[in-house]
file work_4.csv (CSV, N, CA and C atoms and all ligand atoms)
chain,number,residue,atom,x,y,z
K,5,MET,N,-14.1,-0.1,8.7
K,5,MET,CA,-13.5,-0.4,7.4
K,5,MET,C,-12.1,0.1,7.4
K,6,GLY,N,-11.2,-0.6,6.7
K,6,GLY,CA,-9.9,-0.1,6.5
K,6,GLY,C,-8.9,-0.9,7.3
K,7,ALA,N,-9.1,-1.2,8.6
K,7,ALA,CA,-8.1,-1.9,9.4
K,7,ALA,C,-8.2,-3.4,9.0
K,8,PRO,N,-7.0,-4.0,8.8
K,8,PRO,CA,-7.0,-5.4,8.5
K,8,PRO,C,-7.4,-6.2,9.7
K,9,THR,N,-8.2,-7.3,9.5
K,9,THR,CA,-8.6,-8.1,10.6
K,9,THR,C,-7.9,-9.4,10.5
K,10,ALA,N,-7.4,-10.0,11.5
K,10,ALA,CA,-6.7,-11.3,11.5
K,10,ALA,C,-7.7,-12.4,11.2
K,11,PRO,N,-7.4,-13.2,10.3
K,11,PRO,CA,-8.2,-14.3,9.9
K,11,PRO,C,-8.3,-15.3,11.0
K,12,GLY,N,-9.3,-16.2,11.1
K,12,GLY,CA,-9.4,-17.2,12.1
K,12,GLY,C,-8.3,-18.3,11.8
K,13,PRO,N,-8.4,-19.4,12.5
K,13,PRO,CA,-7.4,-20.5,12.3
K,13,PRO,C,-7.5,-21.0,10.8
K,14,VAL,N,-6.4,-21.2,10.2
K,14,VAL,CA,-6.3,-21.6,8.9
K,14,VAL,C,-5.4,-22.8,8.8
K,15,ASN,N,-5.7,-23.7,7.8
K,15,ASN,CA,-4.8,-24.9,7.6
K,15,ASN,C,-3.6,-24.4,6.8
K,16,SER,N,-2.7,-25.4,6.7
K,16,SER,CA,-1.4,-25.0,6.1
K,16,SER,C,-1.6,-24.6,4.6
K,17,THR,N,-2.5,-25.1,3.9
K,17,THR,CA,-2.6,-24.9,2.5
K,17,THR,C,-3.2,-23.5,2.2
K,18,THR,N,-4.1,-23.0,3.0
K,18,THR,CA,-4.6,-21.7,2.8
K,18,THR,C,-3.8,-20.6,3.5
K,19,ALA,N,-3.0,-21.0,4.4
K,19,ALA,CA,-2.2,-20.0,5.2
K,19,ALA,C,-1.4,-19.1,4.3
K,20,ARG,N,-0.8,-19.7,3.2
K,20,ARG,CA,0.1,-18.9,2.4
K,20,ARG,C,-0.7,-17.9,1.6
K,21,THR,N,-1.9,-18.3,1.1
K,21,THR,CA,-2.6,-17.3,0.3
K,21,THR,C,-3.2,-16.2,1.1
K,22,LEU,N,-3.4,-16.4,2.4
K,22,LEU,CA,-3.9,-15.4,3.3
K,22,LEU,C,-2.8,-14.6,3.9
K,23,GLU,N,-1.6,-14.9,3.6
K,23,GLU,CA,-0.4,-14.3,4.2
K,23,GLU,C,-0.5,-12.8,4.2
K,24,SER,N,-0.9,-12.2,3.1
K,24,SER,CA,-0.9,-10.8,2.9
K,24,SER,C,-1.8,-10.1,3.9
K,25,HIS,N,-2.8,-10.8,4.5
K,25,HIS,CA,-3.7,-10.2,5.4
K,25,HIS,C,-3.4,-10.4,6.8
K,26,VAL,N,-2.3,-11.2,7.1
K,26,VAL,CA,-2.0,-11.5,8.5
K,26,VAL,C,-1.1,-10.4,9.0
K,27,PRO,N,-1.5,-9.6,10.0
K,27,PRO,CA,-0.7,-8.6,10.6
K,27,PRO,C,0.5,-9.1,11.3
K,28,ASP,N,1.6,-8.5,11.1
K,28,ASP,CA,2.8,-8.9,11.8
K,28,ASP,C,2.6,-8.7,13.3
K,29,PRO,N,2.9,-9.8,14.1
K,29,PRO,CA,2.6,-9.7,15.6
K,29,PRO,C,3.3,-8.6,16.3
K,30,GLU,N,4.4,-8.2,15.8
K,30,GLU,CA,5.2,-7.1,16.5
K,30,GLU,C,4.8,-5.7,16.0
K,31,THR,N,4.6,-5.6,14.7
K,31,THR,CA,4.3,-4.2,14.2
K,31,THR,C,2.8,-4.0,13.9
K,32,HIS,N,2.1,-5.1,13.8
K,32,HIS,CA,0.6,-5.1,13.5
K,32,HIS,C,0.4,-4.5,12.1
K,33,LEU,N,1.5,-4.7,11.3
K,33,LEU,CA,1.3,-4.3,9.9
K,33,LEU,C,1.4,-5.5,9.0
K,34,CYS,N,0.9,-5.4,7.8
K,34,CYS,CA,0.9,-6.6,6.9
K,34,CYS,C,2.3,-7.1,6.8
K,35,VAL,N,2.4,-8.4,6.7
K,35,VAL,CA,3.8,-9.1,6.7
K,35,VAL,C,4.4,-8.8,5.4
K,36,VAL,N,3.7,-9.1,4.3
K,36,VAL,CA,4.3,-8.9,3.0
K,36,VAL,C,4.1,-7.5,2.5
K,37,ARG,N,4.9,-7.2,1.5
K,37,ARG,CA,4.8,-5.8,0.9
K,37,ARG,C,3.4,-5.7,0.2
K,38,LEU,N,2.7,-4.7,0.5
K,38,LEU,CA,1.4,-4.5,-0.1
K,38,LEU,C,1.6,-3.8,-1.4
K,39,VAL,N,1.6,-4.6,-2.5
K,39,VAL,CA,1.9,-4.1,-3.8
K,39,VAL,C,0.6,-3.7,-4.5
K,40,PRO,N,0.6,-2.7,-5.4
K,40,PRO,CA,-0.6,-2.3,-6.1
K,40,PRO,C,-0.9,-3.4,-7.2
K,41,ALA,N,-2.1,-3.7,-7.3
K,41,ALA,CA,-2.6,-4.6,-8.4
K,41,ALA,C,-2.9,-3.7,-9.6
K,42,ARG,N,-2.1,-3.9,-10.7
K,42,ARG,CA,-2.3,-3.1,-11.9
K,42,ARG,C,-3.1,-3.8,-12.8
K,43,PRO,N,-3.9,-3.1,-13.7
K,43,PRO,CA,-4.0,-1.6,-13.8
K,43,PRO,C,-5.0,-1.0,-12.9
K,44,SER,N,-5.6,-1.7,-11.9
K,44,SER,CA,-6.6,-1.0,-11.1
K,44,SER,C,-6.0,-0.1,-10.0
K,45,TRP,N,-4.8,-0.4,-9.7
K,45,TRP,CA,-4.1,0.3,-8.6
K,45,TRP,C,-4.8,0.2,-7.3
K,46,GLN,N,-5.4,-1.0,-7.0
K,46,GLN,CA,-5.9,-1.2,-5.7
K,46,GLN,C,-4.9,-2.1,-5.0
K,47,CYS,N,-4.8,-2.0,-3.6
K,47,CYS,CA,-3.9,-2.8,-2.9
K,47,CYS,C,-4.2,-4.3,-3.1
K,48,ALA,N,-3.1,-5.0,-3.4
K,48,ALA,CA,-3.3,-6.5,-3.6
K,48,ALA,C,-3.6,-7.2,-2.3
K,49,GLY,N,-3.4,-6.6,-1.2
K,49,GLY,CA,-3.6,-7.2,0.1
K,49,GLY,C,-5.0,-7.0,0.6
K,50,CYS,N,-5.5,-5.7,0.5
K,50,CYS,CA,-6.8,-5.4,1.1
K,50,CYS,C,-7.8,-4.8,0.2
K,51,GLY,N,-7.4,-4.5,-1.1
K,51,GLY,CA,-8.4,-4.0,-2.1
K,51,GLY,C,-8.7,-2.6,-2.0
K,52,GLU,N,-8.1,-1.8,-1.1
K,52,GLU,CA,-8.3,-0.4,-1.0
K,52,GLU,C,-7.4,0.3,-2.1
K,53,PRO,N,-7.8,1.5,-2.4
K,53,PRO,CA,-6.9,2.3,-3.4
K,53,PRO,C,-5.5,2.3,-2.8
K,54,TRP,N,-4.5,2.0,-3.7
K,54,TRP,CA,-3.1,2.0,-3.3
K,54,TRP,C,-2.5,3.4,-3.3
K,55,PRO,N,-1.7,3.8,-2.4
K,55,PRO,CA,-1.3,3.1,-1.2
K,55,PRO,C,-2.4,3.2,-0.1
K,56,CYS,N,-2.8,2.0,0.4
K,56,CYS,CA,-3.8,2.0,1.5
K,56,CYS,C,-3.1,2.5,2.8
K,57,GLN,N,-3.9,2.6,3.8
K,57,GLN,CA,-3.4,3.1,5.1
K,57,GLN,C,-2.3,2.3,5.6
K,58,VAL,N,-2.5,1.0,5.5
K,58,VAL,CA,-1.4,0.1,6.0
K,58,VAL,C,-0.1,0.3,5.3
K,59,ARG,N,-0.3,0.4,4.0
K,59,ARG,CA,0.9,0.6,3.1
K,59,ARG,C,1.6,1.9,3.4
K,60,ARG,N,0.8,2.9,3.6
K,60,ARG,CA,1.3,4.2,3.9
K,60,ARG,C,2.1,4.2,5.2
K,61,ASP,N,1.6,3.6,6.2
K,61,ASP,CA,2.3,3.5,7.5
K,61,ASP,C,3.6,2.7,7.3
K,62,ARG,N,3.5,1.7,6.5
K,62,ARG,CA,4.7,0.9,6.2
K,62,ARG,C,5.8,1.6,5.5
K,63,LEU,N,5.3,2.4,4.5
K,63,LEU,CA,6.3,3.2,3.7
K,63,LEU,C,7.0,4.2,4.6
K,64,LEU,N,6.2,4.9,5.5
K,64,LEU,CA,6.7,5.9,6.4
K,64,LEU,C,7.8,5.3,7.3
K,65,SER,N,7.6,4.0,7.7
K,65,SER,CA,8.6,3.4,8.6
K,65,SER,C,9.8,2.9,7.8
K,66,GLU,N,9.5,2.4,6.6
K,66,GLU,CA,10.6,1.9,5.7
K,66,GLU,C,11.5,3.1,5.3
K,67,TYR,N,10.9,4.2,5.0
K,67,TYR,CA,11.7,5.3,4.5
K,67,TYR,C,11.8,6.4,5.5
K,68,ALA,N,11.7,6.1,6.8
K,68,ALA,CA,11.7,7.1,7.8
K,68,ALA,C,13.0,8.0,7.8
K,69,ASP,N,14.1,7.5,7.4
K,69,ASP,CA,15.3,8.2,7.3
K,69,ASP,C,15.7,8.7,5.9
K,70,ASP,N,14.8,8.4,5.0
K,70,ASP,CA,15.1,8.7,3.6
K,70,ASP,C,13.9,9.2,2.8
K,71,ARG,N,13.3,10.3,3.2
K,71,ARG,CA,12.1,10.8,2.6
K,71,ARG,C,12.3,11.1,1.1
K,72,THR,N,13.5,11.5,0.7
K,72,THR,CA,13.8,11.8,-0.7
K,72,THR,C,13.5,10.6,-1.5
K,73,THR,N,14.0,9.4,-1.1
K,73,THR,CA,13.9,8.2,-1.8
K,73,THR,C,12.4,7.8,-1.8
K,74,LEU,N,11.7,8.0,-0.7
K,74,LEU,CA,10.3,7.7,-0.7
K,74,LEU,C,9.5,8.5,-1.7
K,75,GLY,N,9.9,9.8,-1.8
K,75,GLY,CA,9.2,10.7,-2.8
K,75,GLY,C,9.5,10.2,-4.2
K,76,SER,N,10.8,9.8,-4.5
K,76,SER,CA,11.1,9.3,-5.8
K,76,SER,C,10.3,8.0,-6.1
K,77,TYR,N,10.3,7.1,-5.2
K,77,TYR,CA,9.5,5.9,-5.4
K,77,TYR,C,8.1,6.1,-5.7
K,78,LEU,N,7.4,7.0,-4.9
K,78,LEU,CA,6.0,7.3,-5.1
K,78,LEU,C,5.8,8.0,-6.4
K,79,GLY,N,6.8,8.9,-6.8
K,79,GLY,CA,6.7,9.5,-8.0
K,79,GLY,C,6.7,8.6,-9.2
K,80,LEU,N,7.5,7.5,-9.1
K,80,LEU,CA,7.6,6.5,-10.2
K,80,LEU,C,6.2,5.8,-10.2
K,81,GLN,N,5.7,5.4,-9.0
K,81,GLN,CA,4.4,4.7,-9.0
K,81,GLN,C,3.3,5.6,-9.6
K,82,LEU,N,3.4,6.9,-9.3
K,82,LEU,CA,2.4,7.8,-9.8
K,82,LEU,C,2.5,7.9,-11.3
K,83,ALA,N,3.7,7.9,-11.9
K,83,ALA,CA,3.8,8.0,-13.3
K,83,ALA,C,3.2,6.8,-14.0
K,84,ASP,N,3.4,5.6,-13.4
K,84,ASP,CA,2.8,4.4,-13.9
K,84,ASP,C,1.3,4.4,-13.8
K,85,ALA,N,0.8,4.9,-12.6
K,85,ALA,CA,-0.6,5.0,-12.4
K,85,ALA,C,-1.3,5.9,-13.4
K,86,LEU,N,-0.6,7.0,-13.7
K,86,LEU,CA,-1.2,8.0,-14.6
K,86,LEU,C,-1.4,7.4,-16.0
K,87,SER,N,-0.5,6.5,-16.4
K,87,SER,CA,-0.6,5.8,-17.7
K,87,SER,C,-1.7,4.7,-17.7
K,88,ASP,N,-1.8,4.1,-16.5
K,88,ASP,CA,-2.8,3.0,-16.3
K,88,ASP,C,-4.2,3.6,-16.1
K,89,LEU,N,-4.3,4.8,-15.5
K,89,LEU,CA,-5.6,5.3,-15.2
K,89,LEU,C,-5.8,6.7,-15.9
K,90,PRO,N,-5.9,6.7,-17.2
K,90,PRO,CA,-6.0,8.0,-17.9
K,90,PRO,C,-7.2,8.8,-17.6
K,91,ARG,N,-8.3,8.1,-17.1
K,91,ARG,CA,-9.5,8.9,-16.8
K,91,ARG,C,-9.5,9.5,-15.4
K,92,GLN,N,-8.5,9.1,-14.6
K,92,GLN,CA,-8.5,9.8,-13.3
K,92,GLN,C,-7.8,11.1,-13.4
K,93,PRO,N,-8.3,12.1,-12.8
K,93,PRO,CA,-7.6,13.4,-12.8
K,93,PRO,C,-6.3,13.3,-12.2
K,94,ALA,N,-5.3,13.9,-12.8
K,94,ALA,CA,-3.9,13.8,-12.4
K,94,ALA,C,-3.8,14.4,-11.0
K,95,SER,N,-4.5,15.4,-10.7
K,95,SER,CA,-4.4,16.1,-9.4
K,95,SER,C,-4.9,15.1,-8.3
K,96,ASP,N,-6.0,14.3,-8.6
K,96,ASP,CA,-6.4,13.3,-7.6
K,96,ASP,C,-5.4,12.3,-7.4
K,97,LEU,N,-4.8,11.8,-8.4
K,97,LEU,CA,-3.8,10.7,-8.3
K,97,LEU,C,-2.5,11.3,-7.5
K,98,HIS,N,-2.2,12.5,-7.9
K,98,HIS,CA,-1.0,13.1,-7.2
K,98,HIS,C,-1.3,13.2,-5.7
K,99,ALA,N,-2.5,13.6,-5.3
K,99,ALA,CA,-2.8,13.7,-3.9
K,99,ALA,C,-2.9,12.3,-3.2
K,100,ARG,N,-3.3,11.4,-4.0
K,100,ARG,CA,-3.4,10.0,-3.4
K,100,ARG,C,-2.1,9.4,-3.2
K,101,PHE,N,-1.1,9.6,-4.2
K,101,PHE,CA,0.2,9.0,-4.1
K,101,PHE,C,1.2,9.8,-3.2
K,102,LEU,N,1.1,11.1,-3.3
K,102,LEU,CA,2.1,11.9,-2.7
K,102,LEU,C,1.5,12.8,-1.6
K,103,GLY,N,0.2,13.1,-1.6
K,103,GLY,CA,-0.3,14.1,-0.7
K,103,GLY,C,-0.5,13.7,0.7
K,104,TRP,N,-0.4,12.4,1.0
K,104,TRP,CA,-0.7,11.9,2.3
K,104,TRP,C,0.5,12.0,3.2
K,105,ARG,N,1.7,12.2,2.7
K,105,ARG,CA,2.9,12.1,3.5
K,105,ARG,C,2.9,13.3,4.6
K,106,ARG,N,3.3,12.9,5.7
K,106,ARG,CA,3.4,13.9,6.8
K,106,ARG,C,4.6,14.8,6.5
K,107,PRO,N,4.5,16.1,6.9
K,107,PRO,CA,5.7,16.9,6.6
K,107,PRO,C,6.8,16.5,7.5
K,108,THR,N,8.0,16.6,6.9
K,108,THR,CA,9.2,16.2,7.6
K,108,THR,C,9.6,17.2,8.7
K,201,ZN,ZN,-3.7,-2.8,1.8
call {"tool": "encode", "arguments": {"input": "work_4.csv", "output": "structure tokens", "more": "lines below"}}
Ligand SMILES: [Zn+2]
result
Amino acid sequence: MGAPTAPGPVNSTTARTLESHVPDPETHLCVVRLVPARPSWQCAGCGEPWPCQVRRDRLLSEYADDRTTLGSYLGLQLADALSDLPRQPASDLHARFLGWRRPT
């Protein structure tokens, strides 16, 4: 579980809707930005709790040189999630959104 699997051959009409699940041939990461589906805050690409592992790896590479901006971005997402998911303990959401980052 967790790793995106490449879909089989698809025709041109379904290719676009499956786009979010097609790994980039060079990076093996999802091609499109994996955005959270609100208000559930599951990844719109794979359905795992956002940010999913693919998204986390992508964020780390996108913000490799700017961890401060990454922290700000995740903090904004966390603030939105806290308002969307009032029943989730704030500490759990904080760990989920911010606790996974590798130390710089
Ligand atoms: Zn995902």
call {"tool": "closest_atom_pairs", "arguments": {"input": "work_4.csv", "of": "chain K", "to": "ligand ZN 201 (chain K)", "cutoff": "6.5 Å", "atoms": "only N, CA and C atoms and all ligand atoms", "output": "Markdown table"}}
result
| residue | atom | partner | partner_atom | distance |
| --- | --- | --- | --- | --- |
| K:Leu38 | CA | K:ZN201 | ZN | 5.7 |
| K:Cys47 | CA | K:ZN201 | ZN | 4.7 |
| K:Ala48 | N | K:ZN201 | ZN | 5.7 |
| K:Gly49 | C | K:ZN201 | ZN | 4.6 |
| K:Cys50 | N | K:ZN201 | ZN | 3.7 |
| K:Gly51 | N | K:ZN201 | ZN | 5.0 |
| K:Glu52 | N | K:ZN201 | ZN | 5.4 |
| K:Pro55 | C | K:ZN201 | ZN | 6.4 |
| K:Cys56 | CA | K:ZN201 | ZN | 4.8 |
| K:Gln57 | N | K:ZN201 | ZN | 5.8 |
| K:Val58 | N | K:ZN201 | ZN | 5.4 |
| K:Arg59 | N | K:ZN201 | ZN | 5.2 |
call {"tool": "residues_around", "arguments": {"input": "work_4.csv", "residues": "segment 77-88 of chain K", "least_positions_apart": "6", "cutoff": "8 Å", "atoms": "only C-alpha atoms", "output": "number ranges by chain"}}
result
K: 42-45, 94, 97-98, 101-102
call {"tool": "write_last_selection", "arguments": {"input": "work_4.csv", "atoms": "N, CA and C atoms", "output": "mmCIF file, in the frame of the given file"}}
result
data_model
loop_
_atom_site.group_PDB
_atom_site.id
_atom_site.type_symbol
_atom_site.label_atom_id
_atom_site.label_comp_id
_atom_site.auth_asym_id
_atom_site.auth_seq_id
_atom_site.Cartn_x
_atom_site.Cartn_y
_atom_site.Cartn_z
ATOM 1 N N ARG K 42 -2.100 -3.900 -10.700
ATOM 2 C CA ARG K 42 -2.300 -3.100 -11.900
ATOM 3 C C ARG K 42 -3.100 -3.800 -12.800
ATOM 4 N N PRO K 43 -3.900 -3.100 -13.700
ATOM 5 C CA PRO K 43 -4.000 -1.600 -13.800
ATOM 6 C C PRO K 43 -5.000 -1.000 -12.900
ATOM 7 N N SER K 44 -5.600 -1.700 -11.900
ATOM 8 C CA SER K 44 -6.600 -1.000 -11.100
ATOM 9 C C SER K 44 -6.000 -0.100 -10.000
ATOM 10 N N TRP K 45 -4.800 -0.400 -9.700
ATOM 11 C CA TRP K 45 -4.100 0.300 -8.600
ATOM 12 C C TRP K 45 -4.800 0.200 -7.300
ATOM 13 N N ALA K 94 -5.300 13.900 -12.800
ATOM 14 C CA ALA K 94 -3.900 13.800 -12.400
ATOM 15 C C ALA K 94 -3.800 14.400 -11.000
ATOM 16 N N LEU K 97 -4.800 11.800 -8.400
ATOM 17 C CA LEU K 97 -3.800 10.700 -8.300
ATOM 18 C C LEU K 97 -2.500 11.300 -7.500
ATOM 19 N N HIS K 98 -2.200 12.500 -7.900
ATOM 20 C CA HIS K 98 -1.000 13.100 -7.200
ATOM 21 C C HIS K 98 -1.300 13.200 -5.700
ATOM 22 N N PHE K 101 -1.100 9.600 -4.200
ATOM 23 C CA PHE K 101 0.200 9.000 -4.100
ATOM 24 C C PHE K 101 1.200 9.800 -3.200
ATOM 25 N N LEU K 102 1.100 11.100 -3.300
ATOM 26 C CA LEU K 102 2.100 11.900 -2.700
ATOM 27 C C LEU K 102 1.500 12.800 -1.600
#
call {"tool": "select_by_dssp", "arguments": {"input": "work_4.csv", "residues": "segment 55-85 of chain K", "states": "alpha helix (DSSP H)", "output": "ChimeraX atom specification"}}
result
/K:57-66,71-85
call {"tool": "atom_distance", "arguments": {"input": "work_4.csv", "atom1": "atom C of Gly75 of chain K", "atom2": "atom C of Arg91 of chain K"}}
result
22.1 Å
call {"tool": "closest_residue", "arguments": {"input": "work_4.csv", "among": "K:Arg105, K:Trp54, K:Asp61, K:Ala68", "to": "Pro40 of chain K", "atoms": "only N, CA and C atoms"}}
result
K:Trp54
call {"tool": "atom_distance", "arguments": {"input": "work_4.csv", "atom1": "atom N of Gly103 of chain K", "atom2": "atom C of Thr72 of chain K"}}
result
13.5 Å
call {"tool": "atom_distance", "arguments": {"input": "work_4.csv", "atom1": "atom CA of Ala41 of chain K", "atom2": "atom CA of Arg62 of chain K"}}
result
17.2 Å
